[in-house]
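Working notes, beginning with the structure itself.
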Amino acid sequence: MSLLEVTGVKKIYRARRGGTAVEALKNVNFTVEKGEYVAIMGESGSGKTTLLNILAALDKATEGTVILDGMNLSTIKDSAIAMFRRDNLGYVFQDFNLLDTFTLEDNIYLPLVLAGKRHQDMSARLSQIAPALGITDLLKKYPYEVSGGQKQRAAVARALITSPKIILADEPTGALDSKSSDELLALFKQVNNMGQTVLMVTHSTKAASHASRVMFIKDGVIFHQIYKGECTDQQMYQKISDTLNLLASGGDLK
């Protein structure tokens with residue numbers, strides 16, 4: 001059984017007062033296996049952000065099902081959805097979403113504080129994560145005292161500390177410079193090698209080239225995917241570039 005199963009997902013936004021309805025997702029179907037590292041690519045307006053919001057239980061599909069580790073997201077009561085996200089999902093935002101009045105350590109602890117965990121338990125978890133992410137010496141600093149790359153490392157730590165079933169990343173390199181982007185992508189690969197399932201939405205060919213599978217979404221439909229297999233990051237980059245160029249020229253994908 002796959003960790004994540006997406007079947008027949010549609011999303012229609014209906015305008016008020018009889019306006020035109022917009023079909024953001026038409027018929028999305030895919031699965032993600034435990035331990036996979038998947039990237040979803042698509043132009044602005046392709047539906048990738050809408051899809052990510054549905055996977056993150058921030059929005060609900062108009063039709064279809066999303067099942068995470070046997071749990072149908074559409075059956076979760078509104079009163080329990082925040083707890084479900086906190087206990088099962090790790091989310092990495094493009095703009096970090098760190099609180100400037102909290103230290104990095106307190107930002108990382110926040111989901112566990114909301115879950116009512118003891119400080120001893122939180123500290124034990126962070127002591128395992130912080131060295132791997134290279135942020136042990138930064139934990140007492142505030143977000144405005146560290147670089148963008150260091151902020152994103154803290155955001156990844158916050159996503160990991162709840163031991164989520166899957167990490168969802170929304171354009172995680174979008175606000176980073178080239179060096180920080182490279183460091184974050186290496187970090188994601190390291191986290192994935194430890195067994196963590198990662199699904200990333202990105203428009204960056206370089207970011208996607210680190211994934212083991214890349215799915216392409218256009219006009220609300222997943223219509224093509226490529227697998228990394230034994231390819232290097234550079235070879236995967238070229239495969240993605242060739243696919244994007246073919247799409248831009250109107251060629252057929254086989």
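Each chain in the structure tokens gets a letter, A, B and so on, in the order shown; residues start at 1 in every chain, and ligands are counted from 1 in the order they appear.
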Members of stretch 24-252 of chain A assigned alpha helix (DSSP H) by DSSP, as number ranges by chain: A: 48-55, 81-88, 104-114, 119-133, 148-160, 178-193, 205-208, 233-248
Go ahead and write the selection's residues with C-alpha atoms as a CSV table (one decimal), in the first residue's frame.
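The file below, part-v7.csv, is the result:
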chain,number,residue,atom,x,y,z
A,48,LYS,CA,0.5,22.8,-8.4
A,49,THR,CA,-0.1,25.1,-5.5
A,50,THR,CA,-3.8,24.1,-5.3
A,51,LEU,CA,-2.7,20.5,-5.3
A,52,LEU,CA,-0.2,21.1,-2.5
A,53,ASN,CA,-2.8,22.9,-0.4
A,54,ILE,CA,-5.1,19.9,-0.7
A,55,LEU,CA,-2.3,17.4,0.2
A,81,ILE,CA,-7.8,18.9,11.0
A,82,ALA,CA,-5.2,21.1,12.7
A,83,MET,CA,-4.2,18.3,15.0
A,84,PHE,CA,-4.0,15.9,12.0
A,85,ARG,CA,-1.6,18.3,10.1
A,86,ARG,CA,0.5,18.8,13.2
A,87,ASP,CA,0.9,15.0,13.9
A,88,ASN,CA,1.3,13.8,10.3
A,104,LEU,CA,15.2,29.3,16.3
A,105,GLU,CA,14.9,26.7,19.1
A,106,ASP,CA,11.5,28.0,20.2
A,107,ASN,CA,10.3,28.1,16.6
A,108,ILE,CA,11.3,24.5,16.1
A,109,TYR,CA,9.6,23.5,19.3
A,110,LEU,CA,6.3,25.2,18.5
A,111,PRO,CA,4.4,22.3,17.0
A,112,LEU,CA,5.4,20.1,19.9
A,113,VAL,CA,4.4,22.8,22.4
A,114,LEU,CA,1.0,23.0,20.7
A,119,HIS,CA,10.3,20.0,27.4
A,120,GLN,CA,12.4,17.0,28.1
A,121,ASP,CA,10.9,15.1,25.2
A,122,MET,CA,11.2,18.2,22.9
A,123,SER,CA,14.9,18.6,23.8
A,124,ALA,CA,15.6,15.0,23.2
A,125,ARG,CA,14.1,15.1,19.7
A,126,LEU,CA,16.0,18.3,18.8
A,127,SER,CA,19.3,16.9,20.0
A,128,GLN,CA,19.0,14.3,17.3
A,129,ILE,CA,17.9,16.6,14.5
A,130,ALA,CA,20.0,19.8,15.1
A,131,PRO,CA,23.5,18.2,14.5
A,132,ALA,CA,22.4,16.6,11.3
A,133,LEU,CA,21.1,20.0,10.0
A,148,GLY,CA,18.2,32.8,4.7
A,149,GLY,CA,19.8,29.4,4.4
A,150,GLN,CA,20.0,29.1,8.2
A,151,LYS,CA,16.4,30.1,8.5
A,152,GLN,CA,15.4,27.4,6.1
A,153,ARG,CA,17.4,24.8,8.0
A,154,ALA,CA,15.5,25.8,11.1
A,155,ALA,CA,12.2,25.5,9.1
A,156,VAL,CA,13.2,22.0,8.0
A,157,ALA,CA,14.0,21.1,11.6
A,158,ARG,CA,10.5,22.3,12.7
A,159,ALA,CA,9.0,20.2,9.9
A,160,LEU,CA,11.0,17.1,11.0
A,178,SER,CA,22.4,30.0,-5.0
A,179,LYS,CA,24.7,28.8,-2.2
A,180,SER,CA,21.9,28.5,0.3
A,181,SER,CA,19.8,26.7,-2.3
A,182,ASP,CA,22.5,24.1,-2.9
A,183,GLU,CA,22.9,23.6,0.9
A,184,LEU,CA,19.1,23.1,1.3
A,185,LEU,CA,18.9,20.6,-1.6
A,186,ALA,CA,21.8,18.6,-0.1
A,187,LEU,CA,19.9,18.7,3.2
A,188,PHE,CA,16.7,17.4,1.6
A,189,LYS,CA,18.6,14.6,0.0
A,190,GLN,CA,20.2,13.8,3.4
A,191,VAL,CA,16.8,13.8,5.1
A,192,ASN,CA,15.4,11.6,2.4
A,193,ASN,CA,18.3,9.1,2.7
A,205,THR,CA,14.9,22.6,-12.7
A,206,LYS,CA,17.9,22.4,-10.4
A,207,ALA,CA,15.7,21.7,-7.3
A,208,ALA,CA,13.7,19.1,-9.1
A,233,ASP,CA,21.8,15.1,-10.5
A,234,GLN,CA,23.3,16.6,-13.7
A,235,GLN,CA,21.8,13.9,-15.9
A,236,MET,CA,18.4,14.3,-14.3
A,237,TYR,CA,18.7,18.1,-14.8
A,238,GLN,CA,19.2,17.5,-18.5
A,239,LYS,CA,16.3,15.1,-18.7
A,240,ILE,CA,14.0,17.7,-17.0
A,241,SER,CA,15.3,20.5,-19.3
A,242,ASP,CA,14.7,18.4,-22.4
A,243,THR,CA,11.2,17.6,-21.2
A,244,LEU,CA,10.4,21.3,-20.5
A,245,ASN,CA,11.8,22.3,-23.9
A,246,LEU,CA,9.7,19.7,-25.6
A,247,LEU,CA,6.7,20.9,-23.8
A,248,ALA,CA,7.4,24.6,-24.7
DSSP strand (DSSP E or B) residues within stretch 4-246 of chain A, as a ChimeraX atom specification: /A:4-13,22-32,37-41,63-68,71-72,89-92,166-170,198-202,213-218,221-227
Pick from A:Arg213, A:Arg14, A:His224, A:Lys34, whichever lies nearest to A:Met200 using only C-alpha atoms: A:Arg213
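Of the listed residues (A:Glu230, A:Glu36, A:Glu5, A:Glu23), A:Glu5 comes nearest to A:Gly70; the distances count only C-alpha atoms.
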Non-local contacts of A:Ala169 (9 Å; only C-alpha atoms; under 5 positions in same chain excluded) as number ranges by chain: A: 52, 90-94, 198-202
Resulting file, chosen residues, all heavy atoms, as an mmCIF file, in the first residue's frame:
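Done, and the output landed in result.cif:
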data_model
loop_
_atom_site.group_PDB
_atom_site.id
_atom_site.type_symbol
_atom_site.label_atom_id
_atom_site.label_comp_id
_atom_site.auth_asym_id
_atom_site.auth_seq_id
_atom_site.Cartn_x
_atom_site.Cartn_y
_atom_site.Cartn_z
ATOM 1 N N LEU A 52 -0.960 21.149 -3.757
ATOM 2 C CA LEU A 52 -0.201 21.073 -2.510
ATOM 3 C C LEU A 52 -1.080 21.452 -1.317
ATOM 4 O O LEU A 52 -1.007 20.824 -0.253
ATOM 5 C CB LEU A 52 1.025 21.987 -2.581
ATOM 6 C CG LEU A 52 2.018 21.827 -1.434
ATOM 7 C CD1 LEU A 52 2.692 20.463 -1.495
ATOM 8 C CD2 LEU A 52 3.077 22.922 -1.467
ATOM 9 N N GLY A 90 4.772 17.491 7.741
ATOM 10 C CA GLY A 90 5.785 18.519 7.945
ATOM 11 C C GLY A 90 5.731 19.447 6.749
ATOM 12 O O GLY A 90 5.705 18.985 5.604
ATOM 13 N N TYR A 91 5.668 20.760 6.987
ATOM 14 C CA TYR A 91 5.496 21.712 5.880
ATOM 15 C C TYR A 91 6.659 22.694 5.889
ATOM 16 O O TYR A 91 6.936 23.328 6.906
ATOM 17 C CB TYR A 91 4.174 22.457 6.037
ATOM 18 C CG TYR A 91 3.598 22.996 4.748
ATOM 19 C CD1 TYR A 91 2.510 22.392 4.131
ATOM 20 C CD2 TYR A 91 4.150 24.115 4.131
ATOM 21 C CE1 TYR A 91 1.979 22.880 2.936
ATOM 22 C CE2 TYR A 91 3.634 24.617 2.948
ATOM 23 C CZ TYR A 91 2.539 23.993 2.357
ATOM 24 O OH TYR A 91 2.032 24.480 1.185
ATOM 25 N N VAL A 92 7.319 22.820 4.736
ATOM 26 C CA VAL A 92 8.417 23.770 4.588
ATOM 27 C C VAL A 92 7.961 24.854 3.613
ATOM 28 O O VAL A 92 7.686 24.577 2.446
ATOM 29 C CB VAL A 92 9.692 23.088 4.062
ATOM 30 C CG1 VAL A 92 10.820 24.113 3.901
ATOM 31 C CG2 VAL A 92 10.130 21.980 5.020
ATOM 32 N N PHE A 93 7.887 26.087 4.103
ATOM 33 C CA PHE A 93 7.383 27.200 3.312
ATOM 34 C C PHE A 93 8.519 27.916 2.579
ATOM 35 O O PHE A 93 9.668 27.907 3.016
ATOM 36 C CB PHE A 93 6.684 28.221 4.219
ATOM 37 C CG PHE A 93 5.507 27.680 4.975
ATOM 38 C CD1 PHE A 93 5.683 27.074 6.210
ATOM 39 C CD2 PHE A 93 4.220 27.789 4.470
ATOM 40 C CE1 PHE A 93 4.599 26.582 6.927
ATOM 41 C CE2 PHE A 93 3.133 27.303 5.178
ATOM 42 C CZ PHE A 93 3.320 26.700 6.405
ATOM 43 N N GLN A 94 8.161 28.590 1.489
ATOM 44 C CA GLN A 94 9.152 29.358 0.739
ATOM 45 C C GLN A 94 9.723 30.488 1.582
ATOM 46 O O GLN A 94 10.923 30.762 1.536
ATOM 47 C CB GLN A 94 8.506 29.942 -0.527
ATOM 48 C CG GLN A 94 9.442 30.832 -1.346
ATOM 49 C CD GLN A 94 8.798 31.340 -2.614
ATOM 50 O OE1 GLN A 94 7.828 30.763 -3.095
ATOM 51 N NE2 GLN A 94 9.321 32.410 -3.157
ATOM 52 N N VAL A 198 9.500 12.841 0.992
ATOM 53 C CA VAL A 198 9.479 14.272 0.674
ATOM 54 C C VAL A 198 8.714 14.492 -0.624
ATOM 55 O O VAL A 198 8.943 13.803 -1.621
ATOM 56 C CB VAL A 198 10.911 14.835 0.515
ATOM 57 C CG1 VAL A 198 10.866 16.328 0.163
ATOM 58 C CG2 VAL A 198 11.742 14.607 1.776
ATOM 59 N N LEU A 199 7.787 15.452 -0.621
ATOM 60 C CA LEU A 199 7.114 15.882 -1.838
ATOM 61 C C LEU A 199 7.284 17.391 -1.948
ATOM 62 O O LEU A 199 6.874 18.138 -1.059
ATOM 63 C CB LEU A 199 5.640 15.502 -1.821
ATOM 64 C CG LEU A 199 4.890 15.742 -3.139
ATOM 65 C CD1 LEU A 199 3.800 14.699 -3.335
ATOM 66 C CD2 LEU A 199 4.275 17.142 -3.196
ATOM 67 N N MET A 200 7.895 17.830 -3.033
ATOM 68 C CA MET A 200 8.251 19.231 -3.211
ATOM 69 C C MET A 200 7.609 19.795 -4.469
ATOM 70 O O MET A 200 7.675 19.182 -5.540
ATOM 71 C CB MET A 200 9.787 19.351 -3.314
ATOM 72 C CG MET A 200 10.309 20.700 -3.757
ATOM 73 S SD MET A 200 12.129 20.758 -3.760
ATOM 74 C CE MET A 200 12.506 19.484 -4.982
ATOM 75 N N VAL A 201 6.984 20.953 -4.336
ATOM 76 C CA VAL A 201 6.489 21.700 -5.489
ATOM 77 C C VAL A 201 7.520 22.761 -5.836
ATOM 78 O O VAL A 201 7.970 23.510 -4.968
ATOM 79 C CB VAL A 201 5.130 22.353 -5.174
ATOM 80 C CG1 VAL A 201 4.811 23.450 -6.176
ATOM 81 C CG2 VAL A 201 4.030 21.311 -5.168
ATOM 82 N N THR A 202 7.908 22.810 -7.105
ATOM 83 C CA THR A 202 8.956 23.757 -7.491
ATOM 84 C C THR A 202 8.851 24.107 -8.969
ATOM 85 O O THR A 202 8.332 23.336 -9.770
ATOM 86 C CB THR A 202 10.355 23.178 -7.197
ATOM 87 O OG1 THR A 202 11.352 24.154 -7.519
ATOM 88 C CG2 THR A 202 10.624 21.913 -8.004
#
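Distance-wise, atom CA of A:Gly47 and atom CA of A:Ile161 end up 29.2 Å apart.
You can rank A:Arg118, A:Lys228, A:Lys11, A:Lys26 by their closest distance to A:Ala61 using only C-alpha atoms, and at the top of that list sits A:Lys11.
For the pair atom CA of A:Gly64 and atom CA of A:Leu89, the interatomic distance is 20.1 Å.
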Near-A:Gly174 list (9 Å; only C-alpha atoms; drop same-chain fewer than 2 positions) as a PyMOL selection string: chain A and resi 94-95+170-172+176-177+181+202-204
Quick one: write out the picked residues with C-alpha atoms as a PDB file, in the first residue's frame?
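Output below, filename again_1.pdb:
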ATOM      1  CA  GLN A  94       9.152  29.358   0.739  1.00  0.00           C
ATOM      2  CA  ASP A  95       9.312  32.310   3.153  1.00  0.00           C
ATOM      3  CA  ASP A 170       6.410  24.735  -1.296  1.00  0.00           C
ATOM      4  CA  GLU A 171       9.110  26.294  -3.522  1.00  0.00           C
ATOM      5  CA  PRO A 172      11.644  25.783  -0.696  1.00  0.00           C
ATOM      6  CA  LEU A 176      17.342  31.595  -1.205  1.00  0.00           C
ATOM      7  CA  ASP A 177      20.539  32.570  -2.977  1.00  0.00           C
ATOM      8  CA  SER A 181      19.780  26.676  -2.308  1.00  0.00           C
ATOM      9  CA  THR A 202       8.956  23.757  -7.491  1.00  0.00           C
ATOM     10  CA  HIS A 203       9.513  25.645 -10.722  1.00  0.00           C
ATOM     11  CA  SER A 204      13.283  25.175 -10.387  1.00  0.00           C
TER      12      SER A 204
END
